[in-house]
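Here's entry21.cif, which has mmCIF, N, CA and C atoms:
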```cif
data_protein
loop_
_atom_site.label_atom_id
_atom_site.label_comp_id
_atom_site.auth_asym_id
_atom_site.auth_seq_id
_atom_site.Cartn_x
_atom_site.Cartn_y
_atom_site.Cartn_z
N MET A 250 12.50 25.75 -40.14
CA MET A 250 12.51 24.90 -38.96
C MET A 250 11.94 25.67 -37.77
N LYS A 251 11.08 25.02 -37.01
CA LYS A 251 10.48 25.67 -35.85
C LYS A 251 11.52 25.87 -34.76
N GLN A 252 11.37 26.98 -34.04
CA GLN A 252 12.24 27.22 -32.89
C GLN A 252 11.44 26.98 -31.63
N GLY A 253 12.04 26.33 -30.68
CA GLY A 253 11.37 26.04 -29.42
C GLY A 253 12.41 25.90 -28.33
N PRO A 254 11.97 25.49 -27.14
CA PRO A 254 12.90 25.40 -26.01
C PRO A 254 14.02 24.39 -26.23
N ASN A 255 13.78 23.33 -27.02
CA ASN A 255 14.78 22.30 -27.22
C ASN A 255 15.35 22.31 -28.63
N ARG A 256 15.04 23.33 -29.42
CA ARG A 256 15.55 23.44 -30.78
C ARG A 256 16.49 24.62 -30.86
N PRO A 257 17.50 24.51 -31.69
CA PRO A 257 18.46 25.60 -31.79
C PRO A 257 17.87 26.83 -32.45
N SER A 258 18.31 27.97 -31.99
CA SER A 258 17.93 29.21 -32.64
C SER A 258 19.01 29.52 -33.65
N GLY A 259 18.87 30.56 -34.40
CA GLY A 259 19.83 30.91 -35.42
C GLY A 259 21.09 31.54 -34.86
N THR A 260 21.23 31.71 -33.55
CA THR A 260 22.37 32.41 -32.96
C THR A 260 23.60 31.54 -32.80
N GLY A 261 23.49 30.23 -32.99
CA GLY A 261 24.63 29.34 -32.82
C GLY A 261 24.85 28.91 -31.38
N ALA A 262 24.00 29.35 -30.46
CA ALA A 262 24.13 28.98 -29.06
C ALA A 262 23.66 27.54 -28.86
N VAL A 263 24.29 26.84 -27.94
CA VAL A 263 23.89 25.47 -27.63
C VAL A 263 22.61 25.53 -26.81
N PRO A 264 21.55 24.84 -27.25
CA PRO A 264 20.29 24.93 -26.51
C PRO A 264 20.37 24.19 -25.18
N GLN A 265 19.74 24.76 -24.18
CA GLN A 265 19.67 24.16 -22.85
C GLN A 265 18.40 23.31 -22.79
N LEU A 266 18.52 22.06 -22.37
CA LEU A 266 17.33 21.22 -22.23
C LEU A 266 16.45 21.80 -21.13
N GLU A 267 15.17 21.78 -21.37
CA GLU A 267 14.22 22.23 -20.36
C GLU A 267 13.43 21.03 -19.90
N VAL A 268 13.59 20.68 -18.62
CA VAL A 268 12.93 19.50 -18.05
C VAL A 268 12.18 19.93 -16.80
N ARG A 269 10.94 19.45 -16.69
CA ARG A 269 10.11 19.74 -15.52
C ARG A 269 10.67 19.03 -14.28
N VAL A 270 10.36 19.58 -13.11
CA VAL A 270 10.85 19.00 -11.85
C VAL A 270 10.38 17.55 -11.71
N ASP A 271 9.10 17.28 -11.96
CA ASP A 271 8.59 15.92 -11.78
C ASP A 271 9.28 14.94 -12.73
N LYS A 272 9.51 15.37 -13.96
CA LYS A 272 10.19 14.52 -14.94
C LYS A 272 11.65 14.28 -14.53
N TRP A 273 12.32 15.33 -14.07
CA TRP A 273 13.73 15.19 -13.66
C TRP A 273 13.86 14.23 -12.49
N LEU A 274 12.93 14.30 -11.53
CA LEU A 274 12.98 13.38 -10.38
C LEU A 274 12.84 11.93 -10.82
N GLN A 275 12.05 11.69 -11.87
CA GLN A 275 11.91 10.34 -12.40
C GLN A 275 13.16 9.94 -13.17
N VAL A 276 13.67 10.83 -14.03
CA VAL A 276 14.85 10.53 -14.83
C VAL A 276 16.06 10.27 -13.94
N ALA A 277 16.19 11.03 -12.84
CA ALA A 277 17.30 10.86 -11.92
C ALA A 277 17.09 9.67 -10.98
N ARG A 278 15.97 9.01 -11.12
CA ARG A 278 15.62 7.82 -10.33
C ARG A 278 15.48 8.10 -8.84
N ILE A 279 15.01 9.32 -8.51
CA ILE A 279 14.69 9.63 -7.12
C ILE A 279 13.34 9.00 -6.81
N PHE A 280 12.41 9.06 -7.79
CA PHE A 280 11.12 8.39 -7.70
C PHE A 280 11.00 7.44 -8.90
N LYS A 281 10.29 6.34 -8.70
CA LYS A 281 10.18 5.33 -9.74
C LYS A 281 9.33 5.80 -10.91
N THR A 282 8.25 6.54 -10.61
CA THR A 282 7.37 7.02 -11.67
C THR A 282 7.18 8.52 -11.57
N ARG A 283 6.74 9.10 -12.66
CA ARG A 283 6.49 10.54 -12.68
C ARG A 283 5.30 10.89 -11.80
N SER A 284 4.31 10.00 -11.74
CA SER A 284 3.15 10.29 -10.89
C SER A 284 3.53 10.27 -9.40
N GLN A 285 4.46 9.41 -9.01
CA GLN A 285 4.94 9.42 -7.62
C GLN A 285 5.66 10.72 -7.32
N ALA A 286 6.46 11.19 -8.27
CA ALA A 286 7.15 12.47 -8.11
C ALA A 286 6.14 13.61 -8.02
N ASP A 287 5.11 13.55 -8.84
CA ASP A 287 4.08 14.59 -8.84
C ASP A 287 3.33 14.61 -7.52
N GLU A 288 3.02 13.44 -6.97
CA GLU A 288 2.33 13.36 -5.67
C GLU A 288 3.20 13.95 -4.55
N ALA A 289 4.50 13.65 -4.59
CA ALA A 289 5.41 14.18 -3.58
C ALA A 289 5.50 15.70 -3.68
N ILE A 290 5.52 16.22 -4.90
CA ILE A 290 5.57 17.67 -5.10
C ILE A 290 4.30 18.32 -4.58
N ASP A 291 3.15 17.74 -4.94
CA ASP A 291 1.86 18.28 -4.48
C ASP A 291 1.73 18.25 -2.96
N ALA A 292 2.32 17.22 -2.33
CA ALA A 292 2.25 17.09 -0.87
C ALA A 292 3.25 18.01 -0.17
N GLY A 293 4.10 18.71 -0.93
CA GLY A 293 5.06 19.61 -0.33
C GLY A 293 6.34 18.94 0.12
N HIS A 294 6.59 17.72 -0.37
CA HIS A 294 7.79 16.98 0.03
C HIS A 294 9.00 17.33 -0.82
N VAL A 295 8.81 18.19 -1.81
CA VAL A 295 9.92 18.61 -2.67
C VAL A 295 9.99 20.13 -2.65
N LYS A 296 11.19 20.66 -2.37
CA LYS A 296 11.40 22.11 -2.38
C LYS A 296 12.56 22.42 -3.30
N LEU A 297 12.45 23.51 -4.01
CA LEU A 297 13.50 23.96 -4.92
C LEU A 297 14.09 25.23 -4.36
N ASN A 298 15.38 25.21 -4.05
CA ASN A 298 16.06 26.35 -3.45
C ASN A 298 15.34 26.85 -2.20
N GLY A 299 14.80 25.93 -1.41
CA GLY A 299 14.17 26.26 -0.14
C GLY A 299 12.70 26.63 -0.21
N ALA A 300 12.12 26.71 -1.41
CA ALA A 300 10.71 27.09 -1.55
C ALA A 300 9.93 25.96 -2.21
N ARG A 301 8.63 25.88 -1.86
CA ARG A 301 7.77 24.88 -2.50
C ARG A 301 7.76 25.12 -3.99
N VAL A 302 7.58 24.07 -4.73
CA VAL A 302 7.67 24.15 -6.18
C VAL A 302 6.48 23.43 -6.80
N LYS A 303 6.11 23.84 -8.00
CA LYS A 303 5.07 23.15 -8.76
C LYS A 303 5.74 22.15 -9.70
N ALA A 304 4.99 21.13 -10.09
CA ALA A 304 5.55 20.05 -10.92
C ALA A 304 6.07 20.56 -12.26
N GLY A 305 5.52 21.62 -12.79
CA GLY A 305 5.90 22.10 -14.10
C GLY A 305 7.09 23.04 -14.11
N HIS A 306 7.67 23.32 -12.95
CA HIS A 306 8.81 24.24 -12.90
C HIS A 306 10.00 23.61 -13.63
N ILE A 307 10.74 24.41 -14.38
CA ILE A 307 11.89 23.93 -15.13
C ILE A 307 13.11 23.86 -14.22
N VAL A 308 13.81 22.72 -14.25
CA VAL A 308 15.00 22.52 -13.43
C VAL A 308 16.23 22.94 -14.23
N LYS A 309 17.15 23.63 -13.56
CA LYS A 309 18.39 24.07 -14.20
C LYS A 309 19.58 23.57 -13.38
N PRO A 310 20.70 23.29 -14.02
CA PRO A 310 21.89 22.87 -13.27
C PRO A 310 22.28 23.94 -12.25
N GLY A 311 22.72 23.47 -11.09
CA GLY A 311 23.13 24.37 -10.02
C GLY A 311 22.04 24.61 -8.98
N GLU A 312 20.80 24.26 -9.30
CA GLU A 312 19.71 24.45 -8.33
C GLU A 312 19.75 23.33 -7.29
N THR A 313 19.17 23.63 -6.13
CA THR A 313 19.16 22.68 -5.02
C THR A 313 17.74 22.20 -4.77
N LEU A 314 17.57 20.89 -4.69
CA LEU A 314 16.28 20.28 -4.38
C LEU A 314 16.36 19.64 -3.01
N GLU A 315 15.33 19.87 -2.21
CA GLU A 315 15.19 19.17 -0.93
C GLU A 315 14.05 18.19 -1.10
N VAL A 316 14.34 16.90 -0.95
CA VAL A 316 13.34 15.86 -1.18
C VAL A 316 13.16 15.07 0.11
N VAL A 317 11.91 14.99 0.59
CA VAL A 317 11.58 14.17 1.74
C VAL A 317 10.91 12.92 1.20
N LYS A 318 11.55 11.79 1.43
CA LYS A 318 11.03 10.52 0.90
C LYS A 318 10.98 9.53 2.05
N GLY A 319 9.77 9.36 2.62
CA GLY A 319 9.62 8.50 3.78
C GLY A 319 10.37 9.11 4.95
N PRO A 320 11.20 8.32 5.62
CA PRO A 320 11.93 8.85 6.78
C PRO A 320 13.21 9.60 6.40
N ARG A 321 13.52 9.66 5.10
CA ARG A 321 14.76 10.29 4.64
C ARG A 321 14.53 11.68 4.09
N ARG A 322 15.52 12.53 4.29
CA ARG A 322 15.51 13.88 3.73
C ARG A 322 16.80 14.04 2.94
N LEU A 323 16.67 14.33 1.64
CA LEU A 323 17.84 14.46 0.76
C LEU A 323 17.96 15.90 0.27
N TRP A 324 19.19 16.39 0.22
CA TRP A 324 19.46 17.68 -0.42
C TRP A 324 20.30 17.37 -1.65
N LEU A 325 19.72 17.63 -2.82
CA LEU A 325 20.38 17.30 -4.09
C LEU A 325 20.74 18.58 -4.83
N THR A 326 21.95 18.63 -5.37
CA THR A 326 22.35 19.72 -6.24
C THR A 326 22.28 19.19 -7.67
N VAL A 327 21.50 19.84 -8.51
CA VAL A 327 21.33 19.41 -9.90
C VAL A 327 22.62 19.70 -10.66
N LYS A 328 23.22 18.66 -11.25
CA LYS A 328 24.44 18.83 -12.04
C LYS A 328 24.13 18.86 -13.54
N ALA A 329 23.09 18.12 -13.95
CA ALA A 329 22.73 18.05 -15.37
C ALA A 329 21.26 17.68 -15.48
N VAL A 330 20.72 17.85 -16.67
CA VAL A 330 19.33 17.47 -16.93
C VAL A 330 19.30 16.49 -18.11
N ALA A 331 18.30 15.65 -18.13
CA ALA A 331 18.10 14.70 -19.22
C ALA A 331 16.60 14.53 -19.39
N GLU A 332 16.19 14.15 -20.61
CA GLU A 332 14.76 14.00 -20.89
C GLU A 332 14.26 12.58 -20.69
N ARG A 333 15.13 11.60 -20.85
CA ARG A 333 14.72 10.20 -20.77
C ARG A 333 15.38 9.51 -19.57
N PRO A 334 14.68 8.53 -18.98
CA PRO A 334 15.28 7.79 -17.87
C PRO A 334 16.60 7.14 -18.29
N LEU A 335 17.56 7.20 -17.40
CA LEU A 335 18.90 6.68 -17.66
C LEU A 335 19.18 5.48 -16.79
N PRO A 336 20.17 4.66 -17.15
CA PRO A 336 20.57 3.57 -16.26
C PRO A 336 21.04 4.15 -14.92
N PRO A 337 20.91 3.40 -13.84
CA PRO A 337 21.25 3.94 -12.51
C PRO A 337 22.62 4.61 -12.40
N PRO A 338 23.69 4.03 -12.95
CA PRO A 338 24.99 4.72 -12.80
C PRO A 338 25.01 6.08 -13.48
N GLU A 339 24.37 6.18 -14.65
CA GLU A 339 24.33 7.46 -15.37
C GLU A 339 23.37 8.43 -14.68
N ALA A 340 22.29 7.91 -14.11
CA ALA A 340 21.31 8.77 -13.43
C ALA A 340 21.95 9.44 -12.21
N ARG A 341 22.84 8.73 -11.51
CA ARG A 341 23.50 9.31 -10.33
C ARG A 341 24.42 10.46 -10.70
N GLU A 342 24.81 10.56 -11.96
CA GLU A 342 25.66 11.66 -12.41
C GLU A 342 24.87 12.94 -12.65
N LEU A 343 23.53 12.86 -12.63
CA LEU A 343 22.69 14.04 -12.84
C LEU A 343 22.63 14.93 -11.60
N TYR A 344 23.00 14.38 -10.44
CA TYR A 344 22.89 15.15 -9.20
C TYR A 344 24.03 14.80 -8.26
N GLU A 345 24.18 15.65 -7.28
CA GLU A 345 25.15 15.42 -6.22
C GLU A 345 24.40 15.50 -4.90
N VAL A 346 24.55 14.50 -4.06
CA VAL A 346 23.88 14.50 -2.76
C VAL A 346 24.71 15.35 -1.82
N ARG A 347 24.14 16.47 -1.39
CA ARG A 347 24.86 17.37 -0.48
C ARG A 347 24.86 16.83 0.93
N GLU A 348 23.70 16.40 1.37
CA GLU A 348 23.54 15.92 2.74
C GLU A 348 22.44 14.88 2.76
N GLU A 349 22.54 13.98 3.69
CA GLU A 349 21.47 13.00 3.88
C GLU A 349 21.30 12.85 5.38
N VAL A 350 20.16 13.28 5.89
CA VAL A 350 19.93 13.25 7.33
C VAL A 350 18.59 12.60 7.63
N GLU A 351 18.34 12.44 8.91
CA GLU A 351 17.08 11.90 9.41
C GLU A 351 16.80 10.50 8.87
N ARG A 352 17.80 9.63 8.92
CA ARG A 352 17.59 8.25 8.50
C ARG A 352 17.10 7.45 9.70
N MET A 353 16.36 6.42 9.44
CA MET A 353 15.80 5.60 10.51
C MET A 353 16.89 4.88 11.31
N GLU A 354 18.04 4.55 10.67
CA GLU A 354 19.07 3.82 11.39
C GLU A 354 19.65 4.66 12.53
N ASN A 355 19.62 5.97 12.39
CA ASN A 355 20.23 6.85 13.39
C ASN A 355 19.28 7.17 14.55
N LEU A 356 18.06 6.67 14.49
CA LEU A 356 17.08 6.99 15.52
C LEU A 356 17.07 5.93 16.62
N THR A 357 16.70 6.37 17.82
CA THR A 357 16.54 5.42 18.91
C THR A 357 15.22 4.67 18.72
N GLU A 358 15.02 3.62 19.48
CA GLU A 358 13.80 2.82 19.37
C GLU A 358 12.55 3.67 19.65
N GLU A 359 12.64 4.55 20.62
CA GLU A 359 11.51 5.42 20.97
C GLU A 359 11.20 6.39 19.82
N GLN A 360 12.23 6.92 19.18
CA GLN A 360 12.02 7.83 18.06
C GLN A 360 11.42 7.10 16.87
N ARG A 361 11.86 5.87 16.63
CA ARG A 361 11.30 5.07 15.53
C ARG A 361 9.81 4.83 15.75
N GLU A 362 9.44 4.53 16.99
CA GLU A 362 8.03 4.30 17.32
C GLU A 362 7.21 5.57 17.10
N THR A 363 7.78 6.71 17.46
CA THR A 363 7.10 7.99 17.24
C THR A 363 6.88 8.24 15.75
N VAL A 364 7.90 7.99 14.93
CA VAL A 364 7.78 8.17 13.48
C VAL A 364 6.72 7.23 12.92
N ARG A 365 6.71 5.98 13.38
CA ARG A 365 5.73 5.00 12.91
C ARG A 365 4.31 5.44 13.24
N ILE A 366 4.10 5.94 14.46
CA ILE A 366 2.78 6.41 14.89
C ILE A 366 2.35 7.62 14.06
N MET A 367 3.30 8.52 13.79
CA MET A 367 2.97 9.70 13.00
C MET A 367 2.55 9.32 11.58
N HIS A 368 3.23 8.32 10.98
CA HIS A 368 2.84 7.85 9.66
C HIS A 368 1.44 7.24 9.68
N LEU A 369 1.14 6.47 10.74
CA LEU A 369 -0.19 5.87 10.85
C LEU A 369 -1.27 6.95 11.01
N MET A 370 -0.96 7.99 11.79
CA MET A 370 -1.93 9.07 11.97
C MET A 370 -2.15 9.81 10.67
N ASP A 371 -1.10 9.99 9.88
CA ASP A 371 -1.23 10.67 8.59
C ASP A 371 -2.10 9.84 7.65
N ARG A 372 -1.89 8.52 7.63
CA ARG A 372 -2.73 7.66 6.79
C ARG A 372 -4.19 7.72 7.24
N ALA A 373 -4.43 7.74 8.56
CA ALA A 373 -5.80 7.82 9.07
C ALA A 373 -6.45 9.14 8.67
N ALA A 374 -5.69 10.22 8.71
CA ALA A 374 -6.23 11.53 8.31
C ALA A 374 -6.59 11.53 6.82
N GLN A 375 -5.76 10.90 6.00
CA GLN A 375 -6.05 10.82 4.57
C GLN A 375 -7.29 9.97 4.32
N ALA A 376 -7.44 8.88 5.07
CA ALA A 376 -8.60 8.01 4.90
C ALA A 376 -9.88 8.74 5.32
N SER A 377 -9.81 9.58 6.35
CA SER A 377 -11.01 10.29 6.79
C SER A 377 -11.43 11.35 5.77
N ARG A 378 -10.48 11.89 5.02
CA ARG A 378 -10.81 12.88 3.99
C ARG A 378 -11.44 12.22 2.77
N LYS A 379 -11.24 10.93 2.62
CA LYS A 379 -11.72 10.21 1.45
C LYS A 379 -13.24 10.28 1.32
N GLY A 380 -13.96 10.25 2.42
CA GLY A 380 -15.41 10.22 2.38
C GLY A 380 -16.05 11.59 2.21
N GLN A 381 -15.28 12.63 2.11
CA GLN A 381 -15.85 13.97 1.99
C GLN A 381 -16.25 14.25 0.54
N GLY A 382 -17.09 15.22 0.39
CA GLY A 382 -17.51 15.61 -0.96
C GLY A 382 -18.84 14.99 -1.32
N ARG A 383 -19.14 15.07 -2.58
CA ARG A 383 -20.41 14.56 -3.09
C ARG A 383 -20.45 13.04 -3.00
N PRO A 384 -21.57 12.48 -2.49
CA PRO A 384 -21.65 11.02 -2.39
C PRO A 384 -21.78 10.38 -3.76
N THR A 385 -21.24 9.18 -3.89
CA THR A 385 -21.35 8.44 -5.15
C THR A 385 -22.74 7.81 -5.22
N LYS A 386 -23.03 7.22 -6.37
CA LYS A 386 -24.31 6.56 -6.55
C LYS A 386 -24.47 5.42 -5.53
N LYS A 387 -23.38 4.68 -5.30
CA LYS A 387 -23.41 3.59 -4.32
C LYS A 387 -23.69 4.14 -2.92
N ASP A 388 -23.03 5.27 -2.56
CA ASP A 388 -23.27 5.89 -1.25
C ASP A 388 -24.74 6.28 -1.10
N ARG A 389 -25.32 6.84 -2.16
CA ARG A 389 -26.73 7.26 -2.09
C ARG A 389 -27.65 6.04 -1.90
N ARG A 390 -27.34 4.94 -2.59
CA ARG A 390 -28.15 3.72 -2.43
C ARG A 390 -28.05 3.22 -0.99
N ASP A 391 -26.82 3.20 -0.47
CA ASP A 391 -26.62 2.74 0.91
C ASP A 391 -27.36 3.62 1.90
N LEU A 392 -27.43 4.93 1.65
CA LEU A 392 -28.17 5.84 2.53
C LEU A 392 -29.65 5.53 2.49
N GLY A 393 -30.17 5.19 1.30
CA GLY A 393 -31.58 4.87 1.16
C GLY A 393 -31.97 3.58 1.87
N ARG A 394 -31.05 2.65 2.00
CA ARG A 394 -31.34 1.37 2.66
C ARG A 394 -31.40 1.51 4.16
N SER A 395 -30.69 2.45 4.72
CA SER A 395 -30.67 2.54 6.19
C SER A 395 -31.78 3.39 6.73
#
```

Produce structure tokens that represent the structure in this file.
Amino acid sequence: MKQGPNRPSGTGAVPQLEVRVDKWLQVARIFKTRSQADEAIDAGHVKLNGARVKAGHIVKPGETLEVVKGPRRLWLTVKAVAERPLPPPEARELYEVREEVERMENLTEEQRETVRIMHLMDRAAQASRKGQGRPTKKDRRDLGRS
């Protein structure tokens, strides 16, 4: 029998599941899809024990994740790992929410407007980066017409 991260070795020890951060965020239902979790990780919205993390990092019980999701910032302590998505009540047992701050309900009207403007500016910056790089065939045709 092959030995691997999820298969028992001959020592009789109980194997520890090894789950990537992006997969765990989906299984715990913090993000709906793994690609959304991966985008958040790449954007720096997820930190493990206070440091930026890559999507392939293995999550272990006891570690702390800081997740910024929209206007919310969550600090989660990993209690367990699972490989497959679980029903919501079971998924909530995989983590413990240490703190939840920076919610929109707690902000004044002026602060909400500031957050809204910042989100719009971020979207505009992303849209302006879209046109960079090598032009597509359509872009080249459009250049030739003008």

(message) Can you measure atom N of Ser284 of chain A to atom CA of Thr385 of chain A for me? One decimal in Å is fine.
(response)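 Taking atom N of Ser284 of chain A as the start and atom CA of Thr385 of chain A as the end point, the length is 26.5 Å.
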
Taking 2 positions as the minimum chain separation for residues in the same chain, which residues sit within 7 Å of Arg278 of chain A when counting all atoms listed in the file? Answer as a PyMOL selection string.
chain A and resi 273-276+280-281+334-335+340-341

Save out the residues we just selected, N, CA and C atoms, as a short mmCIF file (atom, residue, chain, number, x, y, z; two decimals), keeping the file's coordinate frame.
```cif
data_model
loop_
_atom_site.label_atom_id
_atom_site.label_comp_id
_atom_site.auth_asym_id
_atom_site.auth_seq_id
_atom_site.Cartn_x
_atom_site.Cartn_y
_atom_site.Cartn_z
N TRP A 273 12.32 15.33 -14.07
CA TRP A 273 13.73 15.19 -13.66
C TRP A 273 13.86 14.23 -12.49
N LEU A 274 12.93 14.30 -11.53
CA LEU A 274 12.98 13.38 -10.38
C LEU A 274 12.84 11.93 -10.82
N GLN A 275 12.05 11.69 -11.87
CA GLN A 275 11.91 10.34 -12.40
C GLN A 275 13.16 9.94 -13.17
N VAL A 276 13.67 10.83 -14.03
CA VAL A 276 14.85 10.53 -14.83
C VAL A 276 16.06 10.27 -13.94
N PHE A 280 12.41 9.06 -7.79
CA PHE A 280 11.12 8.39 -7.70
C PHE A 280 11.00 7.44 -8.90
N LYS A 281 10.29 6.34 -8.70
CA LYS A 281 10.18 5.33 -9.74
C LYS A 281 9.33 5.80 -10.91
N PRO A 334 14.68 8.53 -18.98
CA PRO A 334 15.28 7.79 -17.87
C PRO A 334 16.60 7.14 -18.29
N LEU A 335 17.56 7.20 -17.40
CA LEU A 335 18.90 6.68 -17.66
C LEU A 335 19.18 5.48 -16.79
N ALA A 340 22.29 7.91 -14.11
CA ALA A 340 21.31 8.77 -13.43
C ALA A 340 21.95 9.44 -12.21
N ARG A 341 22.84 8.73 -11.51
CA ARG A 341 23.50 9.31 -10.33
C ARG A 341 24.42 10.46 -10.70
#
```

Out of A:Arg269, A:Val346, A:Ala304, A:Gly299, which residue has the shortest atom-to-atom distance to Trp324 of chain A when counting all atoms listed in the file?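 Result for the nearest residue to Trp324 of chain A: A:Val346.
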
Report task. Skip His294 of chain A itself and residues of its chain fewer than 6 positions away, then list as a PyMOL selection string all residues within 8 Å of it, counting only C-alpha atoms. Result -> chain A and resi 315-318

Counting all atoms listed in the file, the residue among A:Glu339, A:Gly311, A:Val364, A:Gly293 that lies closest to Val327 of chain A is A:Gly311

ask   = Applied to this file, what does the PyMOL selection byres ((chain A and resi 309) around 7) return in terms of residues, put as a PyMOL selection string?
value = chain A and resi 268+307-308+310-312+327-330

Quick one: residues within 12 Å of Thr363 of chain A, only C-alpha atoms, excluding same-chain residues fewer than 6 positions away - as an MDAnalysis selection string?
chainID A and resid 320 353 356:357 369:370

All residues 7 Å or closer to Leu314 of chain A, all atoms listed in the file, same chain fewer than 5 positions away omitted, as a ChimeraX atom specification: /A:295-299,323-327

message: For the helix (DSSP H, G or I) assignment from backbone DSSP, which residues of segment 258-358 of chain A qualify? Please present them as a VMD selection string.
response: chain A and resid 270 to 276 283 to 291 337 to 343 353 to 355 358

The centre and edge lengths of an axis-aligned box containing all atoms of segment 354-369 of chain A present in the file, extended by 5 Å on each side, are to be given in Å to one decimal, as AutoDock Vina command-line options.
```
--center_x 9.5 --center_y 6.3 --center_z 15.3 --size_x 31.5 --size_y 16.9 --size_z 21.3
```

Fill in: DSSP strand (DSSP E or B) residues within segment 319-363 of chain A, as a ChimeraX atom specification
/A:321-327,344-350

Could you turn the residues from that selection into a file that holds N, CA and C atoms, as an mmCIF file, in the coordinates of the input?
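Result file is result-v3.cif:
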```cif
data_model
loop_
_atom_site.group_PDB
_atom_site.id
_atom_site.type_symbol
_atom_site.label_atom_id
_atom_site.label_comp_id
_atom_site.auth_asym_id
_atom_site.auth_seq_id
_atom_site.Cartn_x
_atom_site.Cartn_y
_atom_site.Cartn_z
ATOM 1 N N ARG A 321 13.520 9.660 5.100
ATOM 2 C CA ARG A 321 14.760 10.290 4.640
ATOM 3 C C ARG A 321 14.530 11.680 4.090
ATOM 4 N N ARG A 322 15.520 12.530 4.290
ATOM 5 C CA ARG A 322 15.510 13.880 3.730
ATOM 6 C C ARG A 322 16.800 14.040 2.940
ATOM 7 N N LEU A 323 16.670 14.330 1.640
ATOM 8 C CA LEU A 323 17.840 14.460 0.760
ATOM 9 C C LEU A 323 17.960 15.900 0.270
ATOM 10 N N TRP A 324 19.190 16.390 0.220
ATOM 11 C CA TRP A 324 19.460 17.680 -0.420
ATOM 12 C C TRP A 324 20.300 17.370 -1.650
ATOM 13 N N LEU A 325 19.720 17.630 -2.820
ATOM 14 C CA LEU A 325 20.380 17.300 -4.090
ATOM 15 C C LEU A 325 20.740 18.580 -4.830
ATOM 16 N N THR A 326 21.950 18.630 -5.370
ATOM 17 C CA THR A 326 22.350 19.720 -6.240
ATOM 18 C C THR A 326 22.280 19.190 -7.670
ATOM 19 N N VAL A 327 21.500 19.840 -8.510
ATOM 20 C CA VAL A 327 21.330 19.410 -9.900
ATOM 21 C C VAL A 327 22.620 19.700 -10.660
ATOM 22 N N TYR A 344 23.000 14.380 -10.440
ATOM 23 C CA TYR A 344 22.890 15.150 -9.200
ATOM 24 C C TYR A 344 24.030 14.800 -8.260
ATOM 25 N N GLU A 345 24.180 15.650 -7.280
ATOM 26 C CA GLU A 345 25.150 15.420 -6.220
ATOM 27 C C GLU A 345 24.400 15.500 -4.900
ATOM 28 N N VAL A 346 24.550 14.500 -4.060
ATOM 29 C CA VAL A 346 23.880 14.500 -2.760
ATOM 30 C C VAL A 346 24.710 15.350 -1.820
ATOM 31 N N ARG A 347 24.140 16.470 -1.390
ATOM 32 C CA ARG A 347 24.860 17.370 -0.480
ATOM 33 C C ARG A 347 24.860 16.830 0.930
ATOM 34 N N GLU A 348 23.700 16.400 1.370
ATOM 35 C CA GLU A 348 23.540 15.920 2.740
ATOM 36 C C GLU A 348 22.440 14.880 2.760
ATOM 37 N N GLU A 349 22.540 13.980 3.690
ATOM 38 C CA GLU A 349 21.470 13.000 3.880
ATOM 39 C C GLU A 349 21.300 12.850 5.380
ATOM 40 N N VAL A 350 20.160 13.280 5.890
ATOM 41 C CA VAL A 350 19.930 13.250 7.330
ATOM 42 C C VAL A 350 18.590 12.600 7.630
#
```

Pairwise distance, atom C of Glu267 of chain A with atom C of Arg347 of chain A, equals 24.1 Å
